[in-house]
Structures are given as C-alpha cells and as structure tokens.
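Shown here: target-v6.cif, mmCIF, C-alpha atoms.
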data_coords
#
loop_
_atom_site.label_atom_id
_atom_site.label_comp_id
_atom_site.auth_asym_id
_atom_site.auth_seq_id
_atom_site.Cartn_x
_atom_site.Cartn_y
_atom_site.Cartn_z
CA MET A 12 -4.07 7.44 -16.33
CA CYS A 13 -5.86 6.56 -19.55
CA LEU A 14 -2.98 7.77 -21.67
CA GLY A 15 -2.42 5.71 -24.79
CA VAL A 16 0.25 6.03 -27.42
CA PRO A 17 -0.19 4.97 -31.05
CA MET A 18 2.77 2.86 -32.18
CA GLN A 19 3.55 0.81 -35.25
CA VAL A 20 3.95 -2.95 -34.97
CA LYS A 21 7.39 -3.96 -36.24
CA GLU A 22 7.55 -7.60 -35.19
CA ILE A 23 5.20 -10.14 -33.64
CA SER A 24 6.30 -13.07 -31.57
CA GLY A 25 3.49 -15.12 -30.05
CA ASN A 26 1.29 -12.70 -28.12
CA VAL A 27 3.87 -9.94 -27.92
CA ALA A 28 4.41 -7.15 -30.43
CA ARG A 29 7.56 -5.11 -30.73
CA CYS A 30 6.33 -1.60 -31.51
CA GLU A 31 7.95 1.66 -32.46
CA ILE A 32 7.05 5.32 -32.87
CA ASP A 33 9.47 8.19 -33.51
CA GLY A 34 12.41 5.93 -32.59
CA VAL A 35 10.89 4.84 -29.27
CA LYS A 36 10.58 1.05 -28.98
CA ARG A 37 8.33 -0.92 -26.66
CA GLU A 38 6.94 -4.39 -26.30
CA ALA A 39 3.21 -4.73 -25.90
CA SER A 40 0.88 -7.62 -25.16
CA LEU A 41 -1.58 -8.49 -27.94
CA MET A 42 -3.89 -10.31 -25.52
CA MET A 43 -6.76 -7.88 -26.22
CA LEU A 44 -6.63 -7.80 -30.03
CA GLU A 45 -7.15 -10.12 -32.92
CA ASP A 46 -5.66 -10.10 -36.42
CA VAL A 47 -2.81 -7.69 -35.74
CA GLU A 48 -0.21 -7.64 -38.49
CA VAL A 49 3.23 -6.14 -38.85
CA GLY A 50 2.80 -2.57 -40.10
CA ASP A 51 -0.48 -1.95 -38.22
CA PHE A 52 -0.69 0.99 -35.83
CA VAL A 53 -1.97 0.04 -32.40
CA LEU A 54 -2.86 2.07 -29.32
CA ILE A 55 -0.61 1.10 -26.40
CA HIS A 56 -1.84 1.55 -22.84
CA ALA A 57 0.20 0.29 -19.87
CA GLY A 58 1.99 -2.41 -21.85
CA PHE A 59 -1.05 -3.68 -23.74
CA ALA A 60 -2.25 -2.95 -27.27
CA ILE A 61 -5.88 -2.00 -26.63
CA GLU A 62 -7.10 -1.12 -30.14
CA LYS A 63 -6.01 -1.06 -33.75
CA LEU A 64 -5.95 2.21 -35.67
CA ASP A 65 -8.54 2.40 -38.44
CA PRO A 66 -6.54 4.14 -41.20
CA ASP A 67 -9.65 5.03 -43.25
CA GLN A 68 -11.29 6.76 -40.30
CA ALA A 69 -8.04 8.55 -39.47
CA GLU A 70 -7.88 9.85 -43.04
CA GLU A 71 -11.51 10.97 -42.83
CA THR A 72 -10.79 13.06 -39.72
CA LEU A 73 -7.75 14.62 -41.40
CA ALA A 74 -9.88 15.34 -44.48
CA MET A 75 -12.33 17.22 -42.24
CA PHE A 76 -9.46 19.31 -40.89
CA ARG A 77 -8.42 20.14 -44.46
CA ALA A 78 -12.01 20.98 -45.33
CA ILE A 79 -12.49 23.44 -42.48
CA LEU A 80 -9.21 25.06 -43.43
CA SER A 81 -10.29 25.51 -47.03
CA GLU A 82 -13.50 27.20 -45.86
CA GLY A 83 -11.16 30.10 -45.11
CA GLY A 84 -12.25 32.98 -42.97
CA GLY A 85 -15.68 33.40 -44.62
CA PRO A 86 -18.98 32.90 -42.83
CA THR A 87 -20.07 29.34 -42.17
CA MET B 24 2.01 8.60 -40.33
CA SER B 25 2.76 11.29 -37.79
CA PHE B 26 0.65 11.81 -34.70
CA GLY B 27 2.53 14.88 -33.55
CA THR B 28 1.65 17.46 -36.19
CA GLU B 29 -1.49 16.41 -38.06
CA TYR B 30 -3.68 16.81 -35.02
CA ARG B 31 -1.99 20.01 -33.81
CA ASP B 32 -2.16 22.38 -36.79
CA PRO B 33 -2.70 25.90 -35.36
CA GLN B 34 -4.43 27.11 -38.56
CA VAL B 35 -7.10 24.42 -38.25
CA ALA B 36 -7.44 25.22 -34.54
CA ARG B 37 -8.01 28.89 -35.39
CA ARG B 38 -10.75 27.98 -37.85
CA TYR B 39 -12.55 25.83 -35.28
CA LEU B 40 -12.32 28.66 -32.74
CA GLU B 41 -13.71 31.19 -35.25
CA ARG B 42 -16.55 28.86 -36.07
CA LEU B 43 -17.34 28.25 -32.40
CA ALA B 44 -17.36 32.01 -31.79
CA GLN B 45 -19.79 32.55 -34.69
CA HIS B 46 -22.06 29.73 -33.57
CA THR B 47 -22.29 30.90 -29.97
CA ALA B 48 -22.43 34.66 -30.57
CA GLY B 49 -25.54 36.31 -29.20
CA ARG B 50 -26.55 33.45 -26.93
CA THR B 51 -27.73 34.65 -23.56
CA ALA B 52 -26.41 31.72 -21.49
CA PRO B 53 -23.07 30.03 -22.02
CA ILE B 54 -22.94 26.41 -23.16
CA THR B 55 -21.42 24.20 -20.47
CA LEU B 56 -19.53 21.11 -21.57
CA MET B 57 -18.02 18.62 -19.17
CA GLU B 58 -14.81 16.89 -20.12
CA VAL B 59 -15.27 13.76 -18.07
CA CYS B 60 -11.79 12.30 -18.41
CA GLY B 61 -8.71 13.44 -16.49
CA THR B 62 -6.53 12.95 -19.53
CA HIS B 63 -8.78 15.44 -21.35
CA THR B 64 -8.49 17.88 -18.44
CA MET B 65 -4.71 17.70 -18.67
CA ALA B 66 -4.67 18.08 -22.48
CA ILE B 67 -7.10 21.03 -22.33
CA TYR B 68 -4.91 22.86 -19.80
CA GLN B 69 -1.68 21.89 -21.52
CA HIS B 70 -2.81 23.35 -24.84
CA GLY B 71 -4.48 26.38 -23.26
CA ILE B 72 -7.82 25.48 -24.83
CA ARG B 73 -9.98 26.97 -22.03
CA GLY B 74 -8.48 30.40 -22.63
CA LEU B 75 -8.95 30.18 -26.41
CA LEU B 76 -12.63 29.29 -26.38
CA PRO B 77 -15.20 32.04 -26.97
CA PRO B 78 -17.01 33.31 -23.85
CA GLY B 79 -20.13 31.42 -24.89
CA ILE B 80 -18.50 28.05 -24.16
CA ARG B 81 -17.53 26.90 -20.69
CA LEU B 82 -15.63 23.69 -19.97
CA VAL B 83 -15.91 22.03 -16.58
CA SER B 84 -13.82 19.08 -15.44
CA GLY B 85 -15.45 15.84 -14.42
CA PRO B 86 -14.70 12.88 -12.19
CA GLY B 87 -12.51 11.00 -14.67
CA CYS B 88 -9.24 10.94 -12.78
CA PRO B 89 -9.06 7.45 -11.24
CA VAL B 90 -6.51 8.41 -8.57
CA CYS B 91 -8.61 11.43 -7.55
CA VAL B 92 -11.83 9.47 -7.03
CA THR B 93 -10.18 6.67 -5.04
CA PRO B 94 -11.41 6.94 -1.44
CA VAL B 95 -9.05 7.57 1.48
CA SER B 96 -9.95 4.16 2.96
CA TYR B 97 -8.31 2.48 -0.05
CA ILE B 98 -5.06 4.41 0.48
CA ASP B 99 -5.16 3.45 4.16
CA ARG B 100 -5.47 -0.23 3.21
CA ALA B 101 -2.58 0.07 0.74
CA VAL B 102 -0.49 1.73 3.48
CA ALA B 103 -1.33 -1.08 5.90
CA LEU B 104 -0.35 -3.68 3.27
CA ALA B 105 2.94 -1.84 2.66
CA ARG B 106 3.71 -2.26 6.38
CA ARG B 107 3.00 -5.99 6.21
CA PRO B 108 6.25 -8.02 6.36
CA GLY B 109 7.16 -9.79 3.12
CA THR B 110 4.93 -7.58 0.99
CA ILE B 111 5.94 -5.57 -2.08
CA ILE B 112 3.47 -2.94 -3.31
CA ALA B 113 3.53 -2.50 -7.09
CA THR B 114 1.71 0.56 -8.38
CA PHE B 115 1.37 3.13 -11.12
CA GLY B 116 3.32 6.21 -10.08
CA ASP B 117 0.48 8.59 -9.25
CA MET B 118 -0.75 6.57 -6.30
CA ILE B 119 2.30 6.77 -4.08
CA ARG B 120 1.94 10.43 -3.09
CA VAL B 121 -1.77 10.42 -2.34
CA PRO B 122 -2.23 11.22 1.35
CA GLY B 123 -4.18 8.66 3.36
CA SER B 124 -5.62 9.34 6.82
CA SER B 125 -2.21 9.47 8.51
CA SER B 126 0.39 8.32 5.95
CA SER B 127 1.06 7.76 2.25
CA LEU B 128 2.90 5.07 0.30
CA LEU B 129 5.74 7.53 -0.24
CA LEU B 130 6.14 8.02 3.52
CA GLU B 131 6.01 4.26 4.03
CA GLN B 132 8.64 3.78 1.34
CA ALA B 133 10.87 6.34 3.05
CA GLY B 134 10.39 4.31 6.25
CA GLY B 135 11.63 1.14 4.56
CA ALA B 136 8.52 -0.39 3.01
CA GLN B 137 8.91 -1.97 -0.43
CA VAL B 138 6.89 0.17 -2.84
CA ARG B 139 7.73 -0.18 -6.53
CA ILE B 140 6.45 1.97 -9.36
CA VAL B 141 5.64 -0.08 -12.44
CA TYR B 142 4.56 0.89 -15.96
CA SER B 143 2.42 -2.18 -16.56
CA THR B 144 0.79 -5.03 -14.68
CA LEU B 145 3.18 -7.23 -16.66
CA ASP B 146 6.06 -5.61 -14.75
CA ALA B 147 4.28 -6.52 -11.50
CA LEU B 148 4.02 -10.12 -12.70
CA ALA B 149 7.75 -10.11 -13.42
CA LEU B 150 8.32 -8.92 -9.83
CA ALA B 151 6.22 -11.85 -8.58
CA ARG B 152 8.24 -14.35 -10.63
CA LYS B 153 11.52 -12.88 -9.42
CA ASN B 154 10.52 -12.75 -5.73
CA PRO B 155 8.73 -16.04 -5.00
CA GLN B 156 9.16 -15.61 -1.23
CA GLN B 157 7.39 -12.22 -1.22
CA GLN B 158 3.78 -11.26 -1.80
CA ILE B 159 3.33 -8.76 -4.62
CA VAL B 160 0.26 -6.53 -4.26
CA PHE B 161 -0.66 -4.54 -7.36
CA LEU B 162 -2.86 -1.49 -6.75
CA GLY B 163 -5.71 -2.01 -9.19
CA VAL B 164 -6.93 1.54 -9.78
CA GLY B 165 -8.34 2.76 -13.06
CA PHE B 166 -11.31 2.75 -15.40
CA GLU B 167 -12.21 0.40 -18.22
CA THR B 168 -9.07 1.34 -20.16
CA THR B 169 -6.83 -0.01 -17.42
CA ALA B 170 -8.97 -2.73 -15.80
CA PRO B 171 -8.51 -5.21 -18.72
CA THR B 172 -4.73 -4.98 -18.25
CA ILE B 173 -5.23 -6.10 -14.64
CA ALA B 174 -7.57 -8.86 -15.82
CA GLY B 175 -4.90 -9.96 -18.31
CA ALA B 176 -2.28 -10.10 -15.55
CA ILE B 177 -4.57 -12.18 -13.33
CA THR B 178 -5.38 -14.75 -16.04
CA THR B 179 -1.66 -14.93 -16.86
CA ALA B 180 -0.79 -15.44 -13.17
CA GLN B 181 -3.43 -18.17 -12.96
CA ALA B 182 -2.13 -19.93 -16.08
CA GLU B 183 1.42 -19.82 -14.69
CA GLY B 184 0.36 -20.98 -11.23
CA LEU B 185 1.76 -17.84 -9.55
CA THR B 186 0.48 -17.78 -5.99
CA ASN B 187 2.25 -14.63 -4.75
CA PHE B 188 0.50 -12.08 -6.99
CA PHE B 189 -2.45 -10.13 -5.59
CA VAL B 190 -4.56 -7.16 -6.63
CA LEU B 191 -6.05 -4.57 -4.29
CA CYS B 192 -8.99 -3.71 -6.43
CA ALA B 193 -10.68 -0.29 -6.69
CA HIS B 194 -11.62 -0.26 -10.37
CA LYS B 195 -14.44 1.96 -11.47
CA THR B 196 -16.55 2.12 -14.57
CA MET B 197 -17.45 5.18 -16.51
CA PRO B 198 -21.00 5.73 -17.65
CA ALA B 199 -22.51 5.36 -14.13
CA PRO B 200 -21.02 8.54 -12.57
CA MET B 201 -22.04 10.55 -15.65
CA ALA B 202 -25.61 9.45 -15.07
CA ALA B 203 -25.26 10.35 -11.36
CA LEU B 204 -23.95 13.83 -12.25
CA THR B 205 -26.80 14.32 -14.70
CA ALA B 206 -29.23 13.74 -11.85
CA ASP B 207 -27.50 16.38 -9.68
CA PRO B 208 -29.64 19.54 -9.79
CA GLU B 209 -26.70 21.73 -8.74
CA LEU B 210 -24.77 20.91 -11.87
CA LYS B 211 -25.91 22.00 -15.28
CA VAL B 212 -24.08 20.23 -18.09
CA ASP B 213 -25.29 20.74 -21.65
CA ALA B 214 -23.14 18.00 -23.19
CA TYR B 215 -20.43 15.51 -22.34
CA LEU B 216 -17.06 15.10 -24.00
CA CYS B 217 -16.75 11.36 -23.37
CA PRO B 218 -13.41 9.72 -22.56
CA ALA B 219 -11.30 8.58 -25.51
CA HIS B 220 -9.63 5.41 -24.38
CA VAL B 221 -12.30 4.16 -21.98
CA SER B 222 -14.55 4.31 -25.04
CA ALA B 223 -12.06 2.31 -27.13
CA ILE B 224 -12.85 -0.54 -24.73
CA ILE B 225 -16.54 -0.07 -23.84
CA GLY B 226 -17.65 1.44 -27.16
CA ALA B 227 -19.60 4.62 -27.85
CA ASP B 228 -22.91 2.78 -27.51
CA ALA B 229 -22.33 2.64 -23.75
CA TYR B 230 -23.37 6.32 -23.54
CA ARG B 231 -26.55 5.96 -25.60
CA PHE B 232 -28.80 5.91 -22.53
CA LEU B 233 -27.49 9.37 -21.60
CA ALA B 234 -28.42 10.77 -25.01
CA GLU B 235 -31.66 8.85 -25.52
CA ASP B 236 -33.14 8.82 -22.00
CA ARG B 237 -31.63 11.98 -20.52
CA HIS B 238 -31.24 14.05 -23.69
CA ILE B 239 -27.62 14.94 -23.11
CA PRO B 240 -25.47 15.14 -26.24
CA CYS B 241 -22.32 13.02 -25.99
CA VAL B 242 -19.21 13.20 -28.17
CA VAL B 243 -16.44 10.61 -27.79
CA THR B 244 -13.39 12.80 -28.26
CA GLY B 245 -9.68 12.12 -28.77
CA PHE B 246 -6.87 13.69 -26.76
CA GLU B 247 -5.02 15.74 -29.37
CA PRO B 248 -5.81 19.47 -29.45
CA LEU B 249 -7.64 19.32 -32.80
CA ASP B 250 -9.55 16.25 -31.61
CA ILE B 251 -10.73 18.28 -28.63
CA LEU B 252 -11.72 21.33 -30.70
CA GLN B 253 -13.55 19.18 -33.22
CA GLY B 254 -15.26 17.32 -30.36
CA ILE B 255 -16.40 20.64 -28.86
CA ASP B 256 -17.63 21.74 -32.31
CA MET B 257 -19.63 18.51 -32.69
CA ALA B 258 -21.16 18.92 -29.21
CA VAL B 259 -22.10 22.55 -29.92
CA GLU B 260 -23.69 21.47 -33.24
CA GLN B 261 -25.93 19.02 -31.39
CA ILE B 262 -26.91 21.65 -28.82
CA LEU B 263 -27.70 24.25 -31.49
CA HIS B 264 -29.86 21.76 -33.37
CA ASN B 265 -31.49 20.65 -30.15
CA VAL B 266 -30.67 16.99 -30.66
CA ALA B 267 -29.01 14.49 -28.34
CA ARG B 268 -27.09 11.53 -29.70
CA VAL B 269 -23.69 9.91 -29.28
CA ASP B 270 -21.21 11.13 -31.89
CA ILE B 271 -17.73 9.72 -32.26
CA GLN B 272 -15.05 12.27 -33.07
CA TYR B 273 -12.27 9.77 -32.26
CA ARG B 274 -13.24 7.33 -35.00
CA ARG B 275 -9.73 6.18 -35.70
CA PHE B 276 -9.72 4.20 -32.44
CA VAL B 277 -13.33 4.05 -31.18
CA LYS B 278 -16.13 1.90 -32.55
CA PRO B 279 -19.78 1.91 -31.44
CA GLU B 280 -19.39 -1.59 -30.02
CA GLY B 281 -15.88 -1.10 -28.55
CA ASN B 282 -13.28 -3.82 -28.15
CA ARG B 283 -15.23 -7.04 -27.63
CA LYS B 284 -12.16 -9.12 -26.75
CA ALA B 285 -11.15 -6.70 -23.98
CA GLN B 286 -14.76 -6.64 -22.75
CA ALA B 287 -14.75 -10.46 -22.60
CA LEU B 288 -11.51 -10.43 -20.60
CA LEU B 289 -13.04 -7.87 -18.19
CA GLY B 290 -16.17 -9.97 -17.81
CA GLU B 291 -14.20 -13.17 -17.20
CA VAL B 292 -12.27 -11.74 -14.24
CA PHE B 293 -14.46 -8.96 -12.81
CA GLU B 294 -18.09 -8.44 -11.90
CA PRO B 295 -19.88 -5.14 -11.27
CA CYS B 296 -20.23 -3.87 -7.70
CA ASP B 297 -21.32 -0.71 -5.91
CA ALA B 298 -18.37 1.64 -5.47
CA GLU B 299 -17.50 4.66 -3.38
CA TRP B 300 -16.27 7.67 -5.37
CA ARG B 301 -14.39 10.37 -3.55
CA GLY B 302 -16.57 13.46 -3.86
CA LEU B 303 -19.52 11.67 -5.39
CA GLY B 304 -20.23 9.07 -2.72
CA MET B 305 -21.58 5.57 -3.32
CA ILE B 306 -22.74 4.92 -6.88
CA PRO B 307 -24.55 1.61 -7.48
CA GLY B 308 -22.97 -0.68 -10.05
CA SER B 309 -20.08 1.71 -10.77
CA GLY B 310 -17.20 -0.50 -9.62
CA LEU B 311 -15.53 -3.78 -10.51
CA ARG B 312 -14.58 -6.53 -8.09
CA LEU B 313 -12.90 -9.87 -8.72
CA ARG B 314 -15.24 -12.76 -9.42
CA PRO B 315 -15.32 -15.39 -6.62
CA GLU B 316 -13.29 -17.85 -8.71
CA PHE B 317 -10.40 -15.36 -8.63
CA SER B 318 -10.64 -14.62 -4.88
CA SER B 319 -7.18 -16.13 -4.23
CA PHE B 320 -5.78 -13.07 -6.09
CA ASP B 321 -7.81 -10.58 -4.05
CA ALA B 322 -5.50 -8.74 -1.62
CA GLU B 323 -8.46 -7.52 0.41
CA THR B 324 -9.59 -11.02 1.41
CA ALA B 325 -6.42 -13.09 0.95
CA LEU B 326 -4.05 -10.89 3.00
CA THR B 327 -5.47 -9.97 6.39
CA ILE B 328 -4.38 -6.69 7.98
CA MET B 329 -5.67 -4.03 10.36
CA VAL B 330 -6.64 -0.76 8.68
CA GLU B 331 -7.03 2.54 10.51
CA PRO B 332 -10.39 4.34 10.34
CA ALA B 333 -10.53 6.68 7.32
CA ARG B 334 -10.36 10.44 7.91
CA GLU B 335 -10.72 13.05 5.15
CA GLN B 336 -8.35 16.01 5.18
CA PRO B 337 -10.15 19.02 6.72
CA GLY B 338 -10.73 21.93 4.33
CA CYS B 339 -10.06 19.88 1.19
CA ARG B 340 -12.62 20.63 -1.55
CA CYS B 341 -11.65 17.78 -3.92
CA GLY B 342 -15.20 16.46 -3.71
CA ALA B 343 -16.80 19.61 -5.14
CA ILE B 344 -14.05 19.90 -7.77
CA LEU B 345 -14.65 16.33 -8.93
CA LYS B 346 -18.33 17.15 -9.43
CA GLY B 347 -17.50 20.24 -11.48
CA GLN B 348 -19.20 22.47 -8.87
CA ILE B 349 -16.18 24.65 -8.11
CA THR B 350 -12.85 25.35 -9.77
CA PRO B 351 -9.51 24.83 -7.99
CA LYS B 352 -9.16 28.54 -7.23
CA ASP B 353 -12.36 28.40 -5.20
CA CYS B 354 -10.65 26.06 -2.73
CA PRO B 355 -9.02 27.91 0.19
CA LEU B 356 -6.13 25.44 0.28
CA PHE B 357 -5.26 25.67 -3.44
CA GLY B 358 -1.72 26.92 -4.06
CA LYS B 359 -1.27 27.77 -0.38
CA MET B 360 -1.44 24.71 1.86
CA CYS B 361 -1.98 22.40 -1.10
CA THR B 362 0.68 22.30 -3.82
CA PRO B 363 2.08 19.55 -6.05
CA GLU B 364 5.11 19.30 -3.72
CA ASN B 365 2.92 19.00 -0.67
CA PRO B 366 -0.54 17.90 -1.77
CA VAL B 367 -3.49 17.77 0.61
CA GLY B 368 -6.05 16.29 -1.77
CA ALA B 369 -5.87 13.75 -4.57
CA CYS B 370 -6.77 16.31 -7.27
CA MET B 371 -3.41 17.97 -6.61
CA VAL B 372 -1.49 14.69 -6.58
CA SER B 373 -2.41 13.01 -9.79
CA SER B 374 -0.76 14.44 -12.88
CA GLU B 375 -4.20 14.55 -14.43
CA GLY B 376 -6.01 15.98 -11.43
CA THR B 377 -7.79 19.27 -12.07
CA CYS B 378 -5.87 21.09 -9.31
CA ALA B 379 -2.49 19.81 -10.54
CA ALA B 380 -3.38 20.95 -14.08
CA GLU B 381 -4.54 24.37 -12.86
CA TYR B 382 -1.42 24.78 -10.73
CA LYS B 383 0.90 23.82 -13.57
CA TYR B 384 -0.81 25.50 -16.52
CA GLY B 385 -3.35 27.91 -14.99
CA SER B 386 -3.32 31.60 -15.79
CA ASN B 387 -2.06 32.89 -12.43
#

In structure tokens, write the structure found in this file.
Amino acid sequence: MCLGVPMQVKEISGNVARCEIDGVKREASLMMLEDVEVGDFVLIHAGFAIEKLDPDQAEETLAMFRAILSEGGGPT
Amino acid sequence: MSFGTEYRDPQVARRYLERLAQHTAGRTAPITLMEVCGTHTMAIYQHGIRGLLPPGIRLVSGPGCPVCVTPVSYIDRAVALARRPGTIIATFGDMIRVPGSSSSLLLEQAGGAQVRIVYSTLDALALARKNPQQQIVFLGVGFETTAPTIAGAITTAQAEGLTNFFVLCAHKTMPAPMAALTADPELKVDAYLCPAHVSAIIGADAYRFLAEDRHIPCVVTGFEPLDILQGIDMAVEQILHNVARVDIQYRRFVKPEGNRKAQALLGEVFEPCDAEWRGLGMIPGSGLRLRPEFSSFDAETALTIMVEPAREQPGCRCGAILKGQITPKDCPLFGKMCTPENPVGACMVSSEGTCAAEYKYGSN
C-alpha cells in the first residue's frame, strides 16, 4: 500500500503537478511539498507528491554500487 | 535518470551477496532481520532475495501491511455502511476482498451495494462532488505514507464546504508496533529494515528510540532490489560491529527529520489513539483518529448503523504470521482452504500480504 513511484515534474499549475516517467503521465497534488520546480523528480503516492528526490544523495548511492562492483571478487 | 536499471544491476547484487556470505560465514546462529513493511515483503519475494541470501541471514516479515492488520470489526462496519441506502464506499482496491465476519465488500457489491475502487482520496472527493445526494465513505486505511493523503482530502472537503464526504478511519502509525514486537520474548529480531515511504514522511529519527533504548539496529531501506541488498548489508555491518543506530540507505528520498509539511497536515487533522492490530492486539498510541473539530467527516460517528459482532475465521494464523512467528507454510489453511482466489485471512488478500507473496512467488 505504501508504493510510491518517482516521476518527473513537467508542468505546474497551482497546487497540481503534471508528472511523467517512461511515457506514463499523471497529475499529482503538491499539497505536501514546498519549492517544487519543473524538472524535479518527486515521489508519487496515491495522487500526492510526498517527497522530492535528492539528486546528490541518489548519485552517492549509485557511486557506492559502482564502488562495490570495482572491488571485484577479492576479499573484503 | 532511470529508476528501472540502476537499482537492479545483477552484478552489483552478486557482489553484495558475496560480501554478505563472507561476513556471516562461520557464525553459529543466523542473523534475523525483520522487513517491517509489506511493500518490502512483496519486493523481496518478487526478486527472489530470500533464496539468494546466505544461510547465515534470515528475513522475517513484519506487520507492515495495512490491510492485513485491519481488524475484522472494521470490515464489518464497512460492510454495514455499504448496505446503508444512499451510501457509496470508496476504497483502495485491496480492501474489497477482505472477509469480514459474514460478508465482504466484494459480496456486498455483487448484491448491489455501491463500492468503488479509487486510486487516490482525490478521486473520492470527485465522487462526492459528482454525487451530492449520496454519502461518500472513504475507507481510511494505511500508515503514515497514506494518512496525509486522507488529511489532505479532508481539509480540501472542508475548504469546499463538501458535506457528503466521510472517512471511516483505521489509520495506524509505524514505530509503535516495532517497539511492541521488540518486547515480545518469542520473537528474536537482530535488526529492522525500516519502511521506505513511511520514513519519507516521519523521518528516520522516529526510530532512534529503538536503536538507542532497545539496542536494535535500524536501516531505512528503499524498495528496489539493490536498495534492499544494501540495506541488509548495512544492518549486518551494525550487528557485526555490535552497534545500534539508525542508518538511512534510502537517502534519495528519506531525511532524518522527514517531511515536515506532511507531518503538519497529519497533526492538523488527526490525533494519536490506541489501536487494535490484527494479530498484535491493542497497542497504545499506535493509531490515528480525526480531531474533534473534524468529527463531521467521521463516518463512525456521523453515520449511524448497526454492526454485527466480530468473529475471526477459525484456523486462520494471520496473527502469528504478522508477528513473524510462523511462515505461511506453517498455516494449515495456506494454499488449501486459503488461496488468493478464495482468501480466508487478510494476509492472503492484500497484494503485499506475506501469504499472497508466498503463494505467488514462493518456492513450491
């Protein structure tokens, strides 16, 4: 029930964002967020944007994935 | 940015699994982690993660499926409301097949009751605007991820002066049952994988008392397969170093303090109350009820009906499954009398119930 889908904000009109991911489009309420801009990624849950993606933190997680991969099969 | 591939790279998954195997080799007792959230349970089954983990790590499912922990008495009240003339029940899809004491919303719908599945509370509001002569009752079930969306609908209804929108409220909050499980001597959990999207709202700091007072490591973990493996790796690290703190694996969406605006919306509309959890019983302060100033939206008090006395299904072991004490295959009804087509207990109904996940993705 707590499923959330990250989508990119394409357009904002009042408190409603038109969002898109992989060609899927949805409107979401921005009632729970502040300072959302077109181009931001937001997490959509049941028609509401509940959090903004932090791109720096996302990159940090991906960097950790790359790091563990580069450790190869050797002992850790 | 792609969310489909970056968090699903099998090579990275293999490395995490190798590392977990090295770190747990030679331990005499397995490490037991509880994934608290039903969405985690589903993702773990879907990606076959249980079967990939080394024997030194055991995952048990927790009580984090909102539909599964909703007591039978709530379903009975929803059924009674569905029978009430002029009433439309609006609900998320999972709820309609949950068996009550003698009926379900699906059976009522087949008998002519108006039961509508909606994707969002905003859809329920649209129903209320479109049907001013009818009373729309939204089934308010869910944790802190979902409860603010109900709060948002109620404040919107109030601002618009909608008087035919009601909520039958059974919201529950997350850290309390984790504390209750920790106190249960029958259940040994070495660390918690904390829910992803509940934590986006309440913040990772909400679990600090579990780490600091009860010495249970907590890792707020995302729902993608690599999120889950990294979360397990972070939990195992804490256990091996004999420390207990709250780590956030899912940093891209979860902050220590959470979403303050959503918290304010929750606090404006709801107040904490004691709540009954199916399987776990009454847990003080673990529920949300509407504040008195919003009582005109409360279906329980505003719409009077007779409700039949609640009766649990005999033989159903959902309670023990929700506490992580047994697995679905230990239940005598599992896969025989109780299937997704004909569920006896809520854990088989909800798409994120442990029994439904085991039935769909389990090994046998």

Report task. Can you check which residues of chain A have any atom within 9 Å of chain B? Use all atoms listed in the file and format it as a ChimeraX atom specification. Result -> /A:12-15,17,32-33,40,42-45,53-54,56-59,61-73,76-77,79-80,82-84,86-87

**Report entry** Output check: residues returned by the PyMOL selection byres ((chain A and resi 31) around 9), as a list of chain:residue names
**Finding:** A:Pro17, A:Met18, A:Gln19, A:Val20, A:Lys21, A:Arg29, A:Cys30, A:Ile32, A:Asp33, A:Gly34, A:Val35, A:Lys36, A:Arg37, A:Glu38

Query raised in the report: Smallest atom-to-atom distance to Ala193 of chain B: which of B:Tyr215, B:Trp300, B:Phe320, B:Phe232, using only C-alpha atoms?
Result: B:Trp300

Taking the file as shown, what set of residues would the PyMOL selection byres ((chain B and resi 384) around 8) give back, as a short mmCIF file (atom, residue, chain, number, x, y, z; two decimals) with C-alpha atoms, in the frame of the given file?
data_model
loop_
_atom_site.label_atom_id
_atom_site.label_comp_id
_atom_site.auth_asym_id
_atom_site.auth_seq_id
_atom_site.Cartn_x
_atom_site.Cartn_y
_atom_site.Cartn_z
CA TYR B 68 -4.91 22.86 -19.80
CA GLN B 69 -1.68 21.89 -21.52
CA GLY B 71 -4.48 26.38 -23.26
CA ALA B 380 -3.38 20.95 -14.08
CA GLU B 381 -4.54 24.37 -12.86
CA TYR B 382 -1.42 24.78 -10.73
CA LYS B 383 0.90 23.82 -13.57
CA GLY B 385 -3.35 27.91 -14.99
CA SER B 386 -3.32 31.60 -15.79
#

Query raised in the report: Smallest atom-to-atom distance to Glu331 of chain B: which of B:Val95, B:Leu129, B:Cys192, B:Ile54, using all atoms listed in the file?
Result: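 Checking each of B:Val95, B:Leu129, B:Cys192, B:Ile54 against Glu331 of chain B, counting all atoms listed in the file, the winner is B:Val95.
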
**Report entry** Straight-line distance linking atom CA of Asp213 of chain B with atom CA of Pro295 of chain B, stated in Å to one decimal
**Finding:**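 Going from atom CA of Asp213 of chain B over to atom CA of Pro295 of chain B covers 28.4 Å.
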
Requested in this report: Could you jot down the atom CA of Ala66 of chain B to atom CA of Gly79 of chain B separation for me, Å, one decimal place?
Outcome: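 Rounded to one decimal, the two atoms are 20.6 Å apart.
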
Once 5 Å is added on each side, what centre and edge lengths in Å to one decimal does the axis-aligned box around all listed atoms of segment 12-22 of chain A have, as AutoDock Vina command-line options?
--center_x 0.8 --center_y 0.1 --center_z -26.3 --size_x 23.4 --size_y 25.4 --size_z 29.9

Query raised in the report: So which residues touch Val27 of chain A within 6 Å, counting only C-alpha atoms, skipping near sequence neighbours fewer than 2 positions away, as a PyMOL selection string?
Result: chain A and resi 23-25+39-41

Query raised in the report: Using the chain letters and numbers from the file, which residues does the PyMOL selection byres ((chain B and resi 361) around 12) grab, as a ChimeraX atom specification?
Result: /B:122,336-341,351-352,354-360,362-372,378-379,382

Report task. To one decimal in Å, tell me the separation between atom CA of Gly304 of chain B and atom CA of Gly226 of chain B. Result ->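 According to the coordinates, atom CA of Gly304 of chain B and atom CA of Gly226 of chain B are separated by 25.7 Å.
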